[in-house]
file input24.pdb (PDB, C-alpha atoms)
ATOM      1  CA  MET A   6      93.700 126.541  86.493
ATOM      2  CA  GLU A   7      95.902 128.932  84.496
ATOM      3  CA  ASN A   8      94.313 131.946  86.186
ATOM      4  CA  ARG A   9      94.916 130.763  89.727
ATOM      5  CA  ARG A  10      97.598 132.658  91.643
ATOM      6  CA  THR A  11     100.540 130.717  93.043
ATOM      7  CA  ARG A  12     100.012 130.500  96.820
ATOM      8  CA  ILE A  13     103.239 131.231  98.665
ATOM      9  CA  LEU A  14     104.528 130.497 102.166
ATOM     10  CA  LEU A  15     107.216 133.018 103.141
ATOM     11  CA  ALA A  16     109.607 132.075 105.967
ATOM     12  CA  ASP A  17     112.232 134.464 107.352
ATOM     13  CA  ASP A  18     113.046 135.342 110.942
ATOM     14  CA  HIS A  19     113.210 139.080 110.145
ATOM     15  CA  ALA A  20     109.747 140.654 109.953
ATOM     16  CA  LEU A  21     111.097 143.561 107.854
ATOM     17  CA  VAL A  22     112.524 141.190 105.263
ATOM     18  CA  ARG A  23     109.214 139.312 105.098
ATOM     19  CA  ARG A  24     107.318 142.567 104.665
ATOM     20  CA  GLY A  25     109.611 143.719 101.846
ATOM     21  CA  LEU A  26     109.434 140.406  99.993
ATOM     22  CA  ARG A  27     105.680 140.220 100.486
ATOM     23  CA  LEU A  28     105.259 143.648  98.841
ATOM     24  CA  ILE A  29     107.256 142.447  95.809
ATOM     25  CA  LEU A  30     105.324 139.168  95.527
ATOM     26  CA  ASP A  31     101.802 140.443  96.213
ATOM     27  CA  ALA A  32     102.182 143.152  93.554
ATOM     28  CA  GLU A  33     102.255 140.424  90.874
ATOM     29  CA  PRO A  34      98.985 139.214  89.313
ATOM     30  CA  ASP A  35     100.044 135.530  89.424
ATOM     31  CA  LEU A  36     101.584 135.390  92.923
ATOM     32  CA  VAL A  37     100.129 135.776  96.434
ATOM     33  CA  VAL A  38     101.602 135.250  99.921
ATOM     34  CA  VAL A  39      99.078 133.199 101.918
ATOM     35  CA  ALA A  40     101.201 132.322 104.979
ATOM     36  CA  GLU A  41     104.251 133.606 106.847
ATOM     37  CA  ALA A  42     106.628 131.922 109.300
ATOM     38  CA  ALA A  43     109.346 133.332 111.561
ATOM     39  CA  ASP A  44     111.400 130.133 111.807
ATOM     40  CA  GLY A  45     111.867 126.749 110.135
ATOM     41  CA  ALA A  46     109.625 124.847 112.544
ATOM     42  CA  GLU A  47     106.749 127.299 111.932
ATOM     43  CA  ALA A  48     107.313 126.923 108.198
ATOM     44  CA  VAL A  49     106.957 123.140 108.391
ATOM     45  CA  GLU A  50     103.696 123.539 110.324
ATOM     46  CA  ALA A  51     102.334 126.050 107.796
ATOM     47  CA  ALA A  52     103.310 124.028 104.720
ATOM     48  CA  ARG A  53     100.204 122.057 103.879
ATOM     49  CA  ALA A  54      99.850 120.955 100.276
ATOM     50  CA  GLU A  55      96.166 121.880 100.034
ATOM     51  CA  GLU A  56      96.939 125.492 101.022
ATOM     52  CA  VAL A  57     100.423 126.255  99.656
ATOM     53  CA  ASP A  58     102.027 125.768  96.215
ATOM     54  CA  LEU A  59     105.453 127.255  96.886
ATOM     55  CA  ALA A  60     107.573 127.707 100.033
ATOM     56  CA  ILE A  61     110.263 130.406 100.116
ATOM     57  CA  LEU A  62     112.597 129.602 103.015
ATOM     58  CA  ASP A  63     115.417 131.723 104.429
ATOM     59  CA  ILE A  64     118.459 129.504 104.955
ATOM     60  CA  ALA A  65     119.448 130.861 108.398
ATOM     61  CA  MET A  66     116.533 130.700 110.851
ATOM     62  CA  PRO A  67     116.300 129.760 114.541
ATOM     63  CA  ARG A  68     115.005 126.365 115.770
ATOM     64  CA  MET A  69     115.244 124.845 112.302
ATOM     65  CA  THR A  70     117.247 126.096 109.291
ATOM     66  CA  GLY A  71     115.697 126.598 105.869
ATOM     67  CA  ILE A  72     117.575 123.491 104.685
ATOM     68  CA  GLN A  73     116.157 121.388 107.527
ATOM     69  CA  ALA A  74     112.654 122.785 106.948
ATOM     70  CA  ALA A  75     112.943 122.104 103.194
ATOM     71  CA  ARG A  76     113.890 118.492 103.920
ATOM     72  CA  GLU A  77     110.882 118.061 106.204
ATOM     73  CA  ILE A  78     108.429 119.832 103.853
ATOM     74  CA  SER A  79     109.623 117.679 100.920
ATOM     75  CA  ARG A  80     108.965 114.591 103.031
ATOM     76  CA  ARG A  81     105.518 115.674 104.288
ATOM     77  CA  ALA A  82     104.191 117.455 101.215
ATOM     78  CA  PRO A  83     106.254 116.514  98.140
ATOM     79  CA  GLY A  84     103.949 118.544  95.875
ATOM     80  CA  ILE A  85     105.094 121.875  97.359
ATOM     81  CA  ARG A  86     107.867 123.562  95.372
ATOM     82  CA  ILE A  87     110.676 125.093  97.440
ATOM     83  CA  LEU A  88     113.020 128.060  96.984
ATOM     84  CA  ILE A  89     115.905 128.759  99.376
ATOM     85  CA  LEU A  90     116.731 132.407 100.161
ATOM     86  CA  SER A  91     120.258 133.151 101.332
ATOM     87  CA  MET A  92     122.588 136.009 102.164
ATOM     88  CA  TYR A  93     125.474 133.682 101.367
ATOM     89  CA  ASP A  94     126.997 132.988  97.969
ATOM     90  CA  ASN A  95     128.258 129.731  99.425
ATOM     91  CA  GLU A  96     128.745 126.528  97.438
ATOM     92  CA  GLN A  97     128.154 124.201 100.383
ATOM     93  CA  TYR A  98     124.784 125.824 101.220
ATOM     94  CA  PHE A  99     123.865 125.751  97.558
ATOM     95  CA  PHE A 100     124.592 122.011  97.230
ATOM     96  CA  GLU A 101     122.759 121.268 100.492
ATOM     97  CA  ALA A 102     119.738 123.152  99.109
ATOM     98  CA  LEU A 103     119.798 121.074  95.924
ATOM     99  CA  LYS A 104     119.998 117.862  97.952
ATOM    100  CA  THR A 105     116.753 118.738  99.779
ATOM    101  CA  GLY A 106     114.987 118.931  96.409
ATOM    102  CA  ALA A 107     114.699 122.731  96.344
ATOM    103  CA  SER A 108     113.907 124.217  92.915
ATOM    104  CA  GLY A 109     116.204 127.174  93.334
ATOM    105  CA  TYR A 110     118.604 129.222  95.436
ATOM    106  CA  VAL A 111     118.090 133.003  95.475
ATOM    107  CA  LEU A 112     120.579 135.499  96.929
ATOM    108  CA  LYS A 113     118.903 138.097  99.161
ATOM    109  CA  SER A 114     121.135 140.837  97.768
ATOM    110  CA  VAL A 115     119.410 140.499  94.375
ATOM    111  CA  ALA A 116     116.056 139.108  95.529
ATOM    112  CA  ASP A 117     114.176 142.137  94.185
ATOM    113  CA  GLN A 118     115.375 141.193  90.673
ATOM    114  CA  ASP A 119     115.566 137.397  90.883
ATOM    115  CA  LEU A 120     112.770 136.284  93.191
ATOM    116  CA  LEU A 121     109.840 136.695  90.789
ATOM    117  CA  GLU A 122     111.584 134.779  88.009
ATOM    118  CA  ALA A 123     112.638 132.098  90.520
ATOM    119  CA  CYS A 124     109.013 131.657  91.680
ATOM    120  CA  ARG A 125     107.748 131.273  88.130
ATOM    121  CA  ALA A 126     110.581 128.901  87.165
ATOM    122  CA  ALA A 127     109.846 126.733  90.213
ATOM    123  CA  MET A 128     106.162 126.509  89.291
ATOM    124  CA  ARG A 129     107.119 125.513  85.722
ATOM    125  CA  GLY A 130     109.223 122.724  87.231
ATOM    126  CA  GLU A 131     112.484 124.379  86.177
ATOM    127  CA  PRO A 132     115.514 125.026  88.416
ATOM    128  CA  PHE A 133     116.509 128.615  89.181
ATOM    129  CA  LEU A 134     120.201 129.250  89.800
ATOM    130  CA  TYR A 135     122.049 132.557  90.080
ATOM    131  CA  PRO A 136     125.113 132.863  87.786
ATOM    132  CA  GLY A 137     127.700 132.084  90.513
ATOM    133  CA  ALA A 138     125.831 128.908  91.407
ATOM    134  CA  VAL A 139     125.880 127.713  87.810
ATOM    135  CA  THR A 140     129.658 128.196  87.758
ATOM    136  CA  ALA A 141     130.001 126.267  91.042
ATOM    137  CA  LEU A 142     127.833 123.456  89.735
ATOM    138  CA  ILE A 143     129.832 123.082  86.520
ATOM    139  CA  ARG A 144     133.168 123.278  88.337
ATOM    140  CA  ASP A 145     132.028 120.667  90.872
ATOM    141  CA  TYR A 146     130.711 118.375  88.143
ATOM    142  CA  LEU A 147     133.974 118.550  86.179
ATOM    143  CA  GLN A 148     136.059 117.962  89.297
ATOM    144  CA  ARG A 149     133.958 114.947  90.323
ATOM    145  CA  ALA A 150     134.016 113.569  86.780
ATOM    146  CA  ARG A 151     137.830 113.745  86.810
ATOM    147  CA  GLN A 152     138.018 112.012  90.181
ATOM    148  CA  GLY A 153     135.123 109.638  89.534
ATOM    149  CA  GLU A 154     133.372 110.478  92.802
ATOM    150  CA  ARG A 155     130.074 111.912  94.037
ATOM    151  CA  ILE A 156     129.196 114.680  96.519
ATOM    152  CA  PRO A 157     129.737 113.316 100.034
ATOM    153  CA  ASP A 158     126.654 113.194 102.201
ATOM    154  CA  SER A 159     126.642 114.894 105.579
ATOM    155  CA  ILE A 160     128.260 112.825 108.325
ATOM    156  CA  LEU A 161     125.290 113.566 110.629
ATOM    157  CA  THR A 162     121.685 112.444 110.168
ATOM    158  CA  PRO A 163     119.012 115.166 109.765
ATOM    159  CA  ARG A 164     117.869 114.522 113.390
ATOM    160  CA  GLU A 165     121.433 114.882 114.674
ATOM    161  CA  GLU A 166     121.790 118.162 112.758
ATOM    162  CA  GLU A 167     118.607 119.446 114.412
ATOM    163  CA  ILE A 168     120.061 118.608 117.825
ATOM    164  CA  VAL A 169     123.445 120.214 117.066
ATOM    165  CA  LYS A 170     121.648 123.409 116.007
ATOM    166  CA  LEU A 171     119.567 123.528 119.182
ATOM    167  CA  ILE A 172     122.614 122.819 121.401
ATOM    168  CA  ALA A 173     124.564 125.582 119.623
ATOM    169  CA  GLU A 174     121.651 127.987 120.195
ATOM    170  CA  GLY A 175     122.033 127.394 123.944
ATOM    171  CA  ASN A 176     119.065 125.106 124.619
ATOM    172  CA  SER A 177     119.182 122.639 127.516
ATOM    173  CA  ALA A 178     118.541 118.912 126.980
ATOM    174  CA  LYS A 179     115.054 119.409 128.472
ATOM    175  CA  GLU A 180     114.272 122.277 126.063
ATOM    176  CA  ILE A 181     115.556 120.273 123.095
ATOM    177  CA  ALA A 182     113.423 117.300 124.140
ATOM    178  CA  GLU A 183     110.324 119.541 124.288
ATOM    179  CA  THR A 184     111.050 121.181 120.917
ATOM    180  CA  LEU A 185     111.572 117.848 119.117
ATOM    181  CA  PHE A 186     108.948 115.858 121.063
ATOM    182  CA  ILE A 187     111.474 113.263 122.267
ATOM    183  CA  SER A 188     112.708 112.242 125.736
ATOM    184  CA  VAL A 189     115.684 113.833 127.511
ATOM    185  CA  LYS A 190     117.326 110.391 127.502
ATOM    186  CA  THR A 191     117.034 110.278 123.676
ATOM    187  CA  VAL A 192     118.572 113.768 123.434
ATOM    188  CA  ASP A 193     121.495 112.649 125.610
ATOM    189  CA  ARG A 194     121.995 109.530 123.482
ATOM    190  CA  HIS A 195     121.989 111.600 120.261
ATOM    191  CA  ARG A 196     124.424 114.096 121.821
ATOM    192  CA  ALA A 197     126.839 111.293 122.785
ATOM    193  CA  ASN A 198     126.626 109.823 119.257
ATOM    194  CA  ILE A 199     127.215 113.246 117.674
ATOM    195  CA  LEU A 200     130.294 113.960 119.844
ATOM    196  CA  GLN A 201     131.678 110.518 119.003
ATOM    197  CA  LYS A 202     131.036 110.881 115.242
ATOM    198  CA  LEU A 203     132.631 114.327 115.098
ATOM    199  CA  GLY A 204     135.450 113.480 117.536
ATOM    200  CA  MET A 205     134.449 116.390 119.795
ATOM    201  CA  ARG A 206     134.202 116.835 123.552
ATOM    202  CA  ASP A 207     131.857 119.682 124.454
ATOM    203  CA  ARG A 208     129.228 122.297 123.560
ATOM    204  CA  LEU A 209     131.859 124.853 122.497
ATOM    205  CA  GLU A 210     133.328 122.536 119.836
ATOM    206  CA  LEU A 211     129.798 121.589 118.696
ATOM    207  CA  THR A 212     128.914 125.279 118.386
ATOM    208  CA  ARG A 213     131.990 125.914 116.230
ATOM    209  CA  TYR A 214     130.995 122.941 114.058
ATOM    210  CA  ALA A 215     127.405 124.248 113.773
ATOM    211  CA  ILE A 216     128.674 127.623 112.532
ATOM    212  CA  ARG A 217     131.019 126.003 109.976
ATOM    213  CA  ALA A 218     128.231 123.701 108.769
ATOM    214  CA  GLY A 219     125.825 126.619 108.338
ATOM    215  CA  LEU A 220     123.398 125.366 111.008
ATOM    216  CA  VAL A 221     123.636 128.620 112.995
ATOM    217  CA  GLU A 222     124.851 132.117 112.196
ATOM    218  CA  PRO A 223     128.090 133.271 113.888
TER     219      PRO A 223
END
call {"tool": "encode", "arguments": {"input": "input24.pdb", "output": "structure tokens"}}
result
Amino acid sequence: MENRRTRILLADDHALVRRGLRLILDAEPDLVVVAEAADGAEAVEAARAEEVDLAILDIAMPRMTGIQAAREISRRAPGIRILILSMYDNEQYFFEALKTGASGYVLKSVADQDLLEACRAAMRGEPFLYPGAVTALIRDYLQRARQGERIPDSILTPREEEIVKLIAEGNSAKEIAETLFISVKTVDRHRANILQKLGMRDRLELTRYAIRAGLVEP
């Protein structure tokens, strides 16, 4: 078992980024990329526990974000370890990643240095955090300890977040229904609930919310 290479699923919507990361990973004797995905939904499909040990997911992908895909992969195949790749040194993204059960959060700007160590840490069952994230985690912990509170959960359910993302990306209710395998009526009901929860009126306000919440890139 010790000699077996860690089988990796690599998900990023930029083919050049995937190629670069694959070169770094495949050059290692203990790591091998066995599957690639161009968006979060593809990643979920490709993540089967009998074929993949570790999923590396870019945080900002079309159709389904890396966070959403991580949530779904954790639910379907809890044995797969997950790393989130991000361009953003952003505390909210970092905490969201931790909440999905991801083993680590790697900044793309230093991925050539950090990614290999992050992969190995994840497979040892250890968390991998870049220095800024450690600072954020400690600061947040101390602040919450002083106030006696916990991290608030998202106001929207995971399904509602999926729908907000797809609306913000310009999909019609029919297209959303087809993507998520639900009826148009269900999409409309979710949309009405989302607008009510967020106190918003239209697609434009939802799109602004989606950008602030990190569901789509500006």
call {"tool": "resolve_selection", "arguments": {"input": "input24.pdb", "expression": "the PyMOL selection byres ((chain A and resi 115) around 12)", "output": "ChimeraX atom specification"}}
result
/A:26,90-94,110-114,116-123,135-136
call {"tool": "atom_distance", "arguments": {"input": "input24.pdb", "atom1": "CA of Gly109 (chain A)", "atom2": "CA of Ala65 (chain A)"}}
result
15.8 Å
call {"tool": "resolve_selection", "arguments": {"input": "input24.pdb", "expression": "the PyMOL selection byres ((chain A and resi 108) around 8)", "output": "ChimeraX atom specification"}}
result
/A:86-88,103,106-107,109-110,127,130-133
call {"tool": "resolve_selection", "arguments": {"input": "input24.pdb", "expression": "the PyMOL selection byres ((chain A and resi 209-218) around 10)", "output": "short mmCIF file (atom, residue, chain, number, x, y, z; two decimals) with C-alpha atoms, in the frame of the given file"}}
result
data_model
loop_
_atom_site.label_atom_id
_atom_site.label_comp_id
_atom_site.auth_asym_id
_atom_site.auth_seq_id
_atom_site.Cartn_x
_atom_site.Cartn_y
_atom_site.Cartn_z
CA GLN A 97 128.15 124.20 100.38
CA TYR A 98 124.78 125.82 101.22
CA SER A 159 126.64 114.89 105.58
CA GLU A 166 121.79 118.16 112.76
CA VAL A 169 123.44 120.21 117.07
CA LYS A 170 121.65 123.41 116.01
CA LEU A 171 119.57 123.53 119.18
CA ILE A 172 122.61 122.82 121.40
CA ALA A 173 124.56 125.58 119.62
CA GLU A 174 121.65 127.99 120.20
CA GLY A 175 122.03 127.39 123.94
CA ARG A 196 124.42 114.10 121.82
CA ILE A 199 127.22 113.25 117.67
CA LEU A 200 130.29 113.96 119.84
CA LEU A 203 132.63 114.33 115.10
CA GLY A 204 135.45 113.48 117.54
CA MET A 205 134.45 116.39 119.80
CA ARG A 206 134.20 116.84 123.55
CA ASP A 207 131.86 119.68 124.45
CA ARG A 208 129.23 122.30 123.56
CA GLY A 219 125.82 126.62 108.34
CA LEU A 220 123.40 125.37 111.01
CA VAL A 221 123.64 128.62 113.00
CA GLU A 222 124.85 132.12 112.20
CA PRO A 223 128.09 133.27 113.89
#
call {"tool": "atom_distance", "arguments": {"input": "input24.pdb", "atom1": "CA of Glu167 (chain A)", "atom2": "CA of His19 (chain A)"}}
result
20.8 Å
call {"tool": "closest_residue", "arguments": {"input": "input24.pdb", "among": "A:Ala60, A:Ile168, A:Leu185, A:Leu14", "to": "Val39 (chain A)", "atoms": "all atoms listed in the file"}}
result
A:Leu14
call {"tool": "atom_distance", "arguments": {"input": "input24.pdb", "atom1": "CA of Arg12 (chain A)", "atom2": "CA of Arg129 (chain A)"}}
result
14.1 Å
